[in-house]
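*Asks:* For reference, the file final_25.tsv (TSV, C-alpha atoms) is included below:
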chain	number	residue	atom	x	y	z
T	1	MET	CA	-104.57	76.49	54.30
T	2	ARG	CA	-103.12	74.48	57.15
T	3	ARG	CA	-102.99	71.39	54.88
T	4	LEU	CA	-101.24	73.45	52.14
T	5	ALA	CA	-98.66	74.78	54.58
T	6	LEU	CA	-97.97	71.28	55.88
T	7	PHE	CA	-97.57	70.00	52.32
T	8	LEU	CA	-95.01	72.75	51.51
T	9	VAL	CA	-93.01	71.94	54.65
T	10	VAL	CA	-92.85	68.25	53.67
T	11	VAL	CA	-91.70	69.15	50.12
T	12	LEU	CA	-88.96	71.40	51.49
T	13	LEU	CA	-87.71	68.68	53.85
T	14	ILE	CA	-87.57	66.09	51.05
T	15	SER	CA	-85.69	68.52	48.76
T	16	ALA	CA	-83.17	69.29	51.47
T	17	PHE	CA	-82.62	65.59	52.10
T	18	ILE	CA	-82.03	64.86	48.38
T	19	ILE	CA	-79.57	67.77	48.00
T	20	GLY	CA	-77.68	66.68	51.12
T	21	CYS	CA	-77.37	63.12	49.84
T	22	SER	CA	-76.15	64.39	46.46
T	23	GLN	CA	-73.43	66.55	48.05
T	24	GLN	CA	-72.33	63.68	50.29
T	25	ALA	CA	-72.09	61.39	47.25
T	26	LYS	CA	-69.84	63.92	45.48
T	27	VAL	CA	-67.56	64.18	48.52
T	28	GLU	CA	-67.33	60.39	48.72
T	29	GLU	CA	-66.45	60.13	44.99
T	30	LYS	CA	-63.33	62.39	45.21
T	31	PRO	CA	-60.88	59.83	46.66
T	32	GLU	CA	-61.56	57.56	43.67
T	33	GLU	CA	-60.10	60.18	41.30
T	34	THR	CA	-56.56	59.65	42.71
T	35	VAL	CA	-56.50	55.88	42.21
T	36	PRO	CA	-55.08	55.89	38.64
T	37	GLU	CA	-52.16	58.15	39.68
T	38	GLN	CA	-51.31	55.93	42.64
T	39	SER	CA	-51.37	52.78	40.53
T	40	GLU	CA	-49.02	54.35	37.93
T	41	GLU	CA	-46.35	54.81	40.59
T	42	HIS	CA	-46.07	51.04	40.96
T	43	THR	CA	-45.30	50.57	37.25
T	44	VAL	CA	-41.92	52.37	37.45
T	45	GLU	CA	-39.23	49.78	36.70
T	46	SER	CA	-36.39	49.65	39.21
T	47	LYS	CA	-32.77	48.88	38.41
T	48	PRO	CA	-31.96	45.16	38.65
T	49	GLU	CA	-30.21	44.00	41.80
T	50	VAL	CA	-26.85	42.43	40.92
T	51	GLU	CA	-25.29	40.05	43.41
T	52	PRO	CA	-21.66	38.94	43.07
T	53	LEU	CA	-21.03	35.46	41.70
T	54	SER	CA	-20.33	32.89	44.36
T	55	PRO	CA	-18.02	31.07	44.16
T	56	LYS	CA	-15.80	33.38	42.11
T	57	VAL	CA	-15.48	32.67	38.39
T	58	LYS	CA	-12.29	32.97	36.35
T	59	VAL	CA	-12.70	34.79	33.02
T	60	THR	CA	-9.89	34.60	30.46
T	61	VAL	CA	-9.40	37.71	28.32
T	62	GLY	CA	-7.29	37.78	25.17
T	63	MET	CA	-5.61	41.19	24.93
T	64	LYS	CA	-2.35	42.95	24.18
T	65	GLU	CA	-2.77	45.28	27.19
T	66	VAL	CA	-2.78	48.39	24.99
T	67	VAL	CA	-4.49	51.61	26.07
T	68	SER	CA	-7.72	50.69	24.25
T	69	ASP	CA	-7.97	47.74	26.67
T	70	ALA	CA	-8.68	50.34	29.39
T	71	GLY	CA	-12.12	48.85	30.11
T	72	VAL	CA	-10.43	45.66	31.30
T	73	LEU	CA	-7.23	47.14	32.78
T	74	ILE	CA	-8.88	49.87	34.86
T	75	GLY	CA	-11.58	47.46	36.00
T	76	MET	CA	-8.92	45.02	37.21
T	77	ALA	CA	-6.99	47.73	39.05
T	78	LYS	CA	-10.06	49.20	40.74
T	79	GLY	CA	-11.59	45.84	41.67
T	80	TYR	CA	-14.76	46.19	39.59
T	81	TYR	CA	-14.58	42.63	38.30
T	82	GLU	CA	-13.59	41.21	41.66
T	83	GLU	CA	-16.51	42.83	43.47
T	84	LEU	CA	-18.88	41.04	41.08
T	85	GLY	CA	-17.20	37.69	41.66
T	86	ILE	CA	-15.00	37.67	38.54
T	87	GLU	CA	-11.28	36.96	38.43
T	88	ILE	CA	-9.58	38.17	35.22
T	89	GLU	CA	-6.77	36.20	33.61
T	90	SER	CA	-5.00	37.97	30.72
T	91	VAL	CA	-3.96	35.75	27.81
T	92	SER	CA	-1.77	36.80	24.87
T	93	PHE	CA	-1.89	35.42	21.31
T	94	ASN	CA	0.55	35.59	18.43
T	95	THR	CA	-2.16	36.39	15.88
T	96	GLY	CA	-5.75	37.54	15.81
T	97	GLN	CA	-6.75	34.30	14.12
T	98	ASP	CA	-5.32	32.28	17.02
T	99	MET	CA	-7.52	34.32	19.36
T	100	ILE	CA	-10.61	33.72	17.21
T	101	ASN	CA	-9.91	29.98	17.15
T	102	ALA	CA	-9.64	29.93	20.95
T	103	LEU	CA	-12.89	31.89	21.34
T	104	GLY	CA	-14.71	29.48	19.06
T	105	ALA	CA	-13.34	26.41	20.83
T	106	GLY	CA	-14.40	27.68	24.26
T	107	GLN	CA	-10.76	27.98	25.36
T	108	LEU	CA	-10.99	31.77	25.71
T	109	ASP	CA	-13.90	33.72	27.18
T	110	VAL	CA	-13.40	37.29	25.94
T	111	GLY	CA	-11.37	38.79	23.09
T	112	CYS	CA	-10.07	42.33	22.61
T	113	THR	CA	-9.62	42.48	18.86
T	114	VAL	CA	-10.39	44.20	15.54
T	115	THR	CA	-12.55	43.25	12.57
T	116	ALA	CA	-11.11	40.50	10.40
T	117	SER	CA	-12.44	38.10	7.80
T	118	GLY	CA	-11.57	35.21	10.11
T	119	LEU	CA	-13.90	36.55	12.81
T	120	PHE	CA	-16.86	36.86	10.46
T	121	ASN	CA	-16.24	33.55	8.70
T	122	ALA	CA	-16.23	31.83	12.10
T	123	ILE	CA	-19.68	33.31	12.75
T	124	LEU	CA	-20.80	32.08	9.31
T	125	ARG	CA	-19.79	28.56	10.41
T	126	ASP	CA	-22.26	28.91	13.30
T	127	ILE	CA	-19.47	29.20	15.85
T	128	PRO	CA	-21.00	31.13	18.77
T	129	ILE	CA	-18.94	34.34	18.78
T	130	LYS	CA	-20.48	37.80	19.12
T	131	ILE	CA	-19.28	41.39	19.07
T	132	VAL	CA	-20.66	42.77	22.33
T	133	ALA	CA	-19.10	46.21	22.89
T	134	ASP	CA	-16.92	49.00	21.56
T	135	LYS	CA	-13.23	48.85	22.38
T	136	GLY	CA	-11.92	51.75	20.33
T	137	ILE	CA	-13.02	54.49	17.96
T	138	ASN	CA	-11.40	57.67	16.65
T	139	VAL	CA	-12.42	60.86	18.43
T	140	GLU	CA	-13.20	63.61	15.93
T	141	GLY	CA	-10.20	65.89	15.57
T	142	GLN	CA	-8.01	63.55	17.67
T	143	GLY	CA	-7.75	60.34	15.68
T	144	TYR	CA	-5.59	57.85	17.58
T	145	TYR	CA	-5.40	55.50	14.54
T	146	ARG	CA	-4.60	57.27	11.29
T	147	LEU	CA	-2.57	57.59	8.11
T	148	MET	CA	0.71	59.42	8.70
T	149	ILE	CA	2.90	60.94	6.00
T	150	ARG	CA	6.66	61.38	6.09
T	151	LYS	CA	7.48	64.84	7.46
T	152	ASP	CA	9.63	65.77	4.45
T	153	LEU	CA	6.74	65.01	2.05
T	154	VAL	CA	4.01	67.21	3.54
T	155	ASP	CA	4.50	69.86	0.84
T	156	GLU	CA	4.15	67.21	-1.89
T	157	ILE	CA	1.30	65.12	-0.44
T	158	LYS	CA	-1.34	67.69	0.34
T	159	ASP	CA	-4.52	65.97	-0.78
T	160	PHE	CA	-5.89	62.47	-1.32
T	161	GLU	CA	-5.05	62.42	-5.03
T	162	ASP	CA	-1.40	63.04	-4.16
T	163	LEU	CA	-1.25	59.56	-2.61
T	164	ARG	CA	-1.52	57.86	-6.01
T	165	GLY	CA	1.46	55.58	-6.64
T	166	ARG	CA	2.97	56.30	-3.24
T	167	LYS	CA	4.60	53.60	-1.12
T	168	LEU	CA	2.23	53.18	1.84
T	169	ALA	CA	2.42	50.59	4.61
T	170	VAL	CA	-0.04	48.60	6.73
T	171	VAL	CA	0.65	45.91	9.34
T	172	GLY	CA	-1.66	43.45	7.60
T	173	THR	CA	-4.02	42.97	4.68
T	174	ALA	CA	-7.63	41.70	4.58
T	175	SER	CA	-8.22	43.28	8.00
T	176	LEU	CA	-8.77	46.63	9.72
T	177	ASP	CA	-5.51	48.13	8.44
T	178	GLU	CA	-6.13	47.60	4.74
T	179	ILE	CA	-9.76	48.66	5.16
T	180	ALA	CA	-8.68	51.93	6.82
T	181	LEU	CA	-6.11	52.76	4.13
T	182	ASP	CA	-8.57	51.84	1.39
T	183	ARG	CA	-11.06	54.35	2.77
T	184	VAL	CA	-8.42	57.07	2.72
T	185	LEU	CA	-7.80	56.36	-0.95
T	186	ASN	CA	-11.52	56.13	-1.75
T	187	GLN	CA	-11.70	59.90	-1.17
T	188	ALA	CA	-9.90	60.33	-4.51
T	189	GLY	CA	-11.64	57.44	-6.25
T	190	MET	CA	-8.72	55.09	-5.62
T	191	THR	CA	-8.16	51.79	-3.81
T	192	THR	CA	-5.08	50.06	-2.43
T	193	ASN	CA	-4.49	48.85	-6.00
T	194	ASP	CA	-3.52	52.42	-6.91
T	195	VAL	CA	-0.60	52.64	-4.47
T	196	ASP	CA	2.53	50.61	-3.79
T	197	LEU	CA	1.12	48.71	-0.80
T	198	GLN	CA	3.72	47.51	1.69
T	199	VAL	CA	3.06	45.05	4.52
T	200	ILE	CA	5.24	45.80	7.55
T	201	ARG	CA	4.21	43.67	10.51
T	202	SER	CA	4.58	46.17	13.37
T	203	PHE	CA	3.81	49.83	13.94
T	204	PRO	CA	7.31	50.66	15.26
T	205	ASP	CA	8.78	49.18	12.09
T	206	ILE	CA	6.47	51.34	9.96
T	207	VAL	CA	7.75	54.41	11.81
T	208	ALA	CA	11.34	53.20	11.30
T	209	ALA	CA	10.66	52.72	7.57
T	210	MET	CA	9.44	56.32	7.33
T	211	SER	CA	12.51	57.46	9.23
T	212	ASN	CA	14.88	55.84	6.70
T	213	LYS	CA	12.65	57.03	3.82
T	214	SER	CA	11.93	53.54	2.46
T	215	ILE	CA	8.18	54.29	2.53
T	216	ASP	CA	6.14	57.48	2.10
T	217	GLY	CA	3.56	56.87	4.81
T	218	GLY	CA	1.61	54.29	6.76
T	219	MET	CA	-1.33	53.49	9.02
T	220	ILE	CA	-0.18	54.11	12.62
T	221	ILE	CA	-1.77	53.81	16.06
T	222	GLU	CA	-0.94	55.54	19.35
T	223	PRO	CA	1.49	55.80	21.10
T	224	PHE	CA	3.51	55.50	17.87
T	225	VAL	CA	1.64	58.45	16.35
T	226	THR	CA	2.92	60.74	19.08
T	227	ALA	CA	6.41	59.23	18.96
T	228	ALA	CA	6.65	59.82	15.20
T	229	ILE	CA	5.50	63.43	15.60
T	230	GLU	CA	7.88	64.15	18.49
T	231	ASP	CA	10.85	62.65	16.64
T	232	ASP	CA	9.99	64.79	13.59
T	233	ILE	CA	9.62	61.66	11.45
T	234	ALA	CA	6.01	61.90	10.34
T	235	ASP	CA	3.10	64.30	10.06
T	236	PRO	CA	-0.41	63.36	11.27
T	237	TRP	CA	-1.76	64.64	7.95
T	238	LYS	CA	-5.60	64.65	7.74
T	239	ASP	CA	-7.86	63.70	10.64
T	240	PRO	CA	-9.71	60.34	10.22
T	241	SER	CA	-13.02	62.21	10.54
T	242	GLU	CA	-12.35	63.42	6.98
T	243	TYR	CA	-12.02	59.96	5.46
T	244	ASP	CA	-13.40	57.33	7.86
T	245	PRO	CA	-15.84	58.99	10.29
T	246	ASP	CA	-17.92	55.86	11.03
T	247	ALA	CA	-15.05	53.44	11.63
T	248	GLN	CA	-15.32	50.92	14.45
T	249	THR	CA	-11.63	50.46	15.14
T	250	ALA	CA	-11.56	47.83	17.91
T	251	LEU	CA	-14.04	45.38	19.40
T	252	LEU	CA	-14.90	43.47	22.55
T	253	VAL	CA	-15.96	39.93	21.61
T	254	TYR	CA	-17.56	37.14	23.64
T	255	GLY	CA	-16.74	33.55	22.82
T	256	LYS	CA	-18.71	30.34	23.20
T	257	SER	CA	-17.86	29.83	26.88
T	258	MET	CA	-19.04	33.34	27.79
T	259	ILE	CA	-22.27	33.22	25.79
T	260	GLU	CA	-23.17	29.96	27.52
T	261	ARG	CA	-22.82	31.71	30.94
T	262	PRO	CA	-25.10	34.75	30.66
T	263	GLU	CA	-24.86	35.69	34.34
T	264	VAL	CA	-21.08	35.87	34.06
T	265	ALA	CA	-21.32	37.72	30.72
T	266	LYS	CA	-23.68	40.37	32.10
T	267	ARG	CA	-21.57	41.00	35.19
T	268	PHE	CA	-18.42	41.28	33.10
T	269	MET	CA	-20.09	44.00	31.03
T	270	ILE	CA	-21.13	45.96	34.12
T	271	ALA	CA	-17.53	46.04	35.35
T	272	TYR	CA	-16.24	46.83	31.86
T	273	LEU	CA	-18.52	49.86	31.45
T	274	LYS	CA	-17.72	51.15	34.95
T	275	ALA	CA	-14.05	51.15	33.96
T	276	VAL	CA	-14.73	52.72	30.54
T	277	ARG	CA	-16.68	55.48	32.27
T	278	ASP	CA	-13.72	56.16	34.58
T	279	TYR	CA	-11.57	56.45	31.44
T	280	ASN	CA	-14.00	58.94	29.86
T	281	ASP	CA	-14.21	60.94	33.08
T	282	ALA	CA	-10.43	61.18	33.17
T	283	PHE	CA	-9.59	62.00	29.55
T	284	PHE	CA	-12.64	64.02	28.50
T	285	LYS	CA	-13.74	65.62	31.78
T	286	GLY	CA	-10.46	65.79	33.70
T	287	ILE	CA	-11.88	63.83	36.65
T	288	ASN	CA	-9.30	61.70	38.55
T	289	LYS	CA	-7.03	61.87	35.51
T	290	ASP	CA	-3.81	61.36	37.49
T	291	GLU	CA	-5.23	58.21	39.07
T	292	ILE	CA	-6.30	56.71	35.72
T	293	ILE	CA	-2.97	57.59	34.06
T	294	SER	CA	-1.16	55.89	36.96
T	295	ILE	CA	-3.28	52.77	36.48
T	296	LEU	CA	-2.74	52.65	32.73
T	297	SER	CA	0.99	53.31	33.03
T	298	GLU	CA	1.22	50.33	35.39
T	299	TYR	CA	-1.10	47.89	33.59
T	300	SER	CA	-0.79	48.83	29.89
T	301	THR	CA	2.15	48.71	27.50
T	302	VAL	CA	2.49	52.52	27.61
T	303	LYS	CA	4.57	53.11	30.73
T	304	ASP	CA	5.53	56.78	30.29
T	305	LYS	CA	2.98	58.89	32.18
T	306	ALA	CA	3.96	62.02	30.26
T	307	LEU	CA	2.87	60.39	27.00
T	308	TYR	CA	-0.76	60.27	28.15
T	309	GLU	CA	-0.84	64.06	28.16
T	310	LYS	CA	0.40	64.18	24.56
T	311	MET	CA	-1.30	61.21	22.86
T	312	TYR	CA	-4.55	61.43	20.95
T	313	PRO	CA	-7.00	59.62	23.25
T	314	VAL	CA	-8.71	56.47	22.08
T	315	GLY	CA	-12.48	56.88	22.05
T	316	LEU	CA	-14.43	54.40	24.19
T	317	ASN	CA	-18.22	54.52	24.23
T	318	PRO	CA	-19.22	54.88	27.91
T	319	ASP	CA	-22.49	53.05	27.16
T	320	GLY	CA	-20.67	50.29	25.33
T	321	PHE	CA	-22.46	50.17	22.00
T	322	VAL	CA	-20.49	49.70	18.77
T	323	ARG	CA	-21.00	51.76	15.62
T	324	MET	CA	-23.34	49.50	13.67
T	325	LYS	CA	-22.73	51.44	10.47
T	326	GLY	CA	-19.00	50.87	10.81
T	327	ILE	CA	-19.48	47.13	11.34
T	328	GLN	CA	-21.74	46.93	8.28
T	329	MET	CA	-19.21	48.85	6.19
T	330	ASP	CA	-16.51	46.35	7.18
T	331	LEU	CA	-18.76	43.41	6.28
T	332	ASP	CA	-19.51	44.96	2.90
T	333	TRP	CA	-15.79	45.50	2.26
T	334	TYR	CA	-14.98	41.85	2.93
T	335	LYS	CA	-17.91	40.66	0.86
T	336	GLU	CA	-17.02	42.83	-2.15
T	337	ARG	CA	-13.56	41.25	-2.19
T	338	GLY	CA	-14.79	37.67	-1.89
T	339	LEU	CA	-13.37	37.26	1.62
T	340	LEU	CA	-16.66	36.16	3.23
T	341	LYS	CA	-18.04	32.67	2.72
T	342	GLY	CA	-21.66	33.81	2.95
T	343	ASP	CA	-23.95	36.75	3.70
T	344	LEU	CA	-23.87	38.61	7.02
T	345	ASN	CA	-25.40	41.81	8.34
T	346	ALA	CA	-24.27	43.82	11.35
T	347	GLU	CA	-27.27	42.49	13.30
T	348	ASP	CA	-25.97	38.93	12.75
T	349	VAL	CA	-22.61	39.60	14.37
T	350	VAL	CA	-23.42	42.13	17.12
T	351	ASP	CA	-25.28	41.35	20.35
T	352	ASN	CA	-26.15	44.57	22.20
T	353	SER	CA	-28.09	42.83	24.98
T	354	TYR	CA	-25.14	42.77	27.40
T	355	ALA	CA	-24.44	46.50	27.00
T	356	GLU	CA	-28.17	47.21	27.30
T	357	TYR	CA	-28.29	45.27	30.57
T	358	ALA	CA	-25.23	47.06	31.97
T	359	VAL	CA	-26.68	50.48	31.07
T	360	LYS	CA	-29.93	49.46	32.75
T	361	VAL	CA	-27.94	48.74	35.92
T	362	LEU	CA	-25.62	51.75	35.76
T	363	GLY	CA	-27.87	54.28	34.03
T	364	ASN	CA	-26.91	56.25	30.93
T	365	TYR	CA	-23.55	58.00	31.07
T	366	GLN	CA	-23.87	61.74	31.61
T	367	LYS	CA	-21.67	63.45	29.03
Could I get this structure in the form of structure tokens?
*Replies:*
Amino acid sequence: MRRLALFLVVVLLISAFIIGCSQQAKVEEKPEETVPEQSEEHTVESKPEVEPLSPKVKVTVGMKEVVSDAGVLIGMAKGYYEELGIEIESVSFNTGQDMINALGAGQLDVGCTVTASGLFNAILRDIPIKIVADKGINVEGQGYYRLMIRKDLVDEIKDFEDLRGRKLAVVGTASLDEIALDRVLNQAGMTTNDVDLQVIRSFPDIVAAMSNKSIDGGMIIEPFVTAAIEDDIADPWKDPSEYDPDAQTALLVYGKSMIERPEVAKRFMIAYLKAVRDYNDAFFKGINKDEIISILSEYSTVKDKALYEKMYPVGLNPDGFVRMKGIQMDLDWYKERGLLKGDLNAEDVVDNSYAEYAVKVLGNYQK
């Protein structure tokens, strides 16, 4: 009996030892469960650090200093370019083609322009030019670039079909202006061949021609839209969202000399989007609006501060990206009319990498 009792005691001791070791092993295993979560924290990508260029770099920008150039003008006024080591020099050109030639030759860094056959044909010749950001779109219900009709004709020209045979003006053909008017007419199955198309080389002259009743209507941009309405000369007629909702009205373009300097190109885009976001804050959120109007009235061609409260605001994408559908539509239009010397898709002419980089630095705009 004594041997049996001793045997039972030994068995109990061994069992207790095994259980104790098992529990200790479980306790020691618990810290290992948190390792995957800790390692995931180190995979979060941080925003890139952007140092200013040193020494400073001069960047030439071709622009007319209109309100849609706000991304450059506000950035200059608020020092966004300067703080990244960029000095902006504004350059004016007589024609859009002159600007495109300068971009291709490396004599101009950045262009503020619109779509044109010359731009796309330059790209087809392997000249390093790229559309890199939005510089103007129509805001739904507030189109800043639109067809206007003479005020005394609004009871006669009520719908798209009523435009047939009418004398309508654009500032130029084979470019944005003819494309825009053509899309108006497409709503009634027409083209510019179905109207009496007039080419009048400036927007003020188009307004004057409506005033003296030598034309029935024309494609107009702000601030001339507001001026024509206030002077009781023209009616804004239909909103562009009804006939050209995907239009990409104006573009920011990088030339050869900018593409070959990616660090300059990326920093330019950061400053550009910071300024565009200030513009959006002012005109669509009411934040610091007086300050931005003061800047634009000083730096742009629209000097009257009161006009900014009346004008339809130009749309500027705060994240920079162009409307790819609009670009493709323009390319198709040129191609259908034999104005392109080859095949191009939107992806061939647009480089979103600069806007993507700037958004990575600044974060997405909170609308």
*Asks:* Please determine, counting all atoms listed in the file, which residue among T:Leu316, T:Ala346, T:Ile215, T:Met269 has the shortest atom-to-atom distance to Val359 in chain T.
*Replies:*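 Going through T:Leu316, T:Ala346, T:Ile215, T:Met269 one by one, the smallest distance to Val359 in chain T is for T:Met269.
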*Asks:* Nearest to Leu340 in chain T among T:Thr249, T:Ser54, T:Ser117, T:Asn288, with distances taken over all atoms listed in the file: which residue is it?
*Replies:*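 Distance minimum relative to Leu340 in chain T lands on T:Ser117.
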*Asks:* From the options T:Lys135, T:Lys158, T:Lys341, T:Arg150, which residue's atoms come nearest to Ala70 in chain T, counting all atoms listed in the file?
*Replies:*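 Looking at the shortest contact to Ala70 in chain T, the residue is T:Lys135.
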*Asks:* At what distance in Å, to one decimal, does CA of Leu153 in chain T lie from CA of Met210 in chain T?
*Replies:*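 Between these atoms lies a distance of 10.5 Å.
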*Asks:* Using Å and a single decimal, report how far CA of Ile149 in chain T sits from CA of Lys303 in chain T.
*Replies:*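 Separating CA of Lys303 in chain T from CA of Ile149 in chain T is a distance of 26.0 Å.
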*Asks:* CA of Val170 in chain T to CA of Met99 in chain T: how many Å, to one decimal?
*Replies:*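 One can read the CA of Val170 in chain T to CA of Met99 in chain T distance as 20.5 Å.
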*Asks:* Could you name the residues that touch Asp109 in chain T at 6 Å or less, counting only C-alpha atoms, but leaving out those on the same chain fewer than 3 positions away, as a PyMOL selection string?
*Replies:* chain T and resi 60+255+257-258
*Asks:* Go through T:Leu339, T:Leu108, T:Ile74, T:Ile179 and flag the residue nearest Asp278 in chain T, using all atoms listed in the file for the distances.
*Replies:*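 Selected residue with least distance to Asp278 in chain T: T:Ile74.
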*Asks:* Taking only C-alpha atoms into account, which of T:Ser211, T:Thr301, T:Ser202, T:Thr173 comes nearest Ala234 in chain T?
*Replies:* T:Ser211
*Asks:* Around (0.0, 65.2, 35.1), as given in the file, which residues come within 9 Å? Count only C-alpha atoms and list them as a list in words.
*Replies:* Lys289, Asp290, Ile293, Lys305, Ala306, Tyr308 and Glu309 of chain T
*Asks:* I'd like to know which of T:Glu156, T:Asp244, T:Glu89, T:Glu82 is closest to Glu51 in chain T, using all atoms listed in the file.
*Replies:*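 Checking each of T:Glu156, T:Asp244, T:Glu89, T:Glu82 against Glu51 in chain T, counting all atoms listed in the file, the winner is T:Glu82.
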*Asks:* For Pro204 in chain T, please output as JSON, numbers by chain all residues within 10 Å (counting only C-alpha atoms; exclusion window: fewer than 5 positions along the same chain).
*Replies:* {"T": [209, 210, 220, 221, 223, 224, 225, 227, 228]}
*Asks:* Can you list, as a VMD selection string, every protein, DNA or RNA residue that comes within 9 Å of Tyr81 in chain T when you count only C-alpha atoms, leaving out same-chain residues fewer than 4 positions away?
*Replies:* chain T and resid 72 75 to 76 85 to 88 267 to 268 270 to 272
*Asks:* For range 188-192 of chain T, take all atoms listed in the file, fit an axis-aligned box around them, add 4 Å to each of the six sides, then output centre and edge lengths in Å rounded to one decimal, as AutoDock Vina command-line options.
*Replies:*
--center_x -8.4 --center_y 55.2 --center_z -4.3 --size_x 14.6 --size_y 18.3 --size_z 11.8
*Asks:* Within 12 Å of (-25.7, 54.6, 32.0), only C-alpha atoms: residues as a list in words?
*Replies:*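 Here is the list of nearby residues: Lys47, Ile270, Leu273, Lys274, Val276, Arg277, Asn317, Pro318, Asp319, Gly320, Phe321, Ala355, Glu356, Tyr357, Ala358, Val359, Lys360, Val361, Leu362, Gly363, Asn364, Tyr365, Gln366 and Lys367 of chain T.
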*Asks:* Please provide as a list in words all residues within 9 Å of Val314 in chain T, with the sequence filter that same-chain residues fewer than 6 positions apart are discarded (counting all atoms listed in the file).
*Replies:*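 Non-adjacent residues within range: Val67, Ser68, Lys135, Gly136, Ile137, Asn138, Val139, Gln142, Gly143, Tyr144, Tyr145 and Glu222 of chain T.
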*Asks:* Can you pull out the residues contacting Ala77 in chain T? Cut-off 10 Å, using only C-alpha atoms, and skip same-chain residues under 4 positions away; I want them as a list in words.
*Replies:* Val72, Leu73, Tyr81, Glu82, Ala275, Ile292, Ile295, Leu296, Glu298 and Tyr299 of chain T
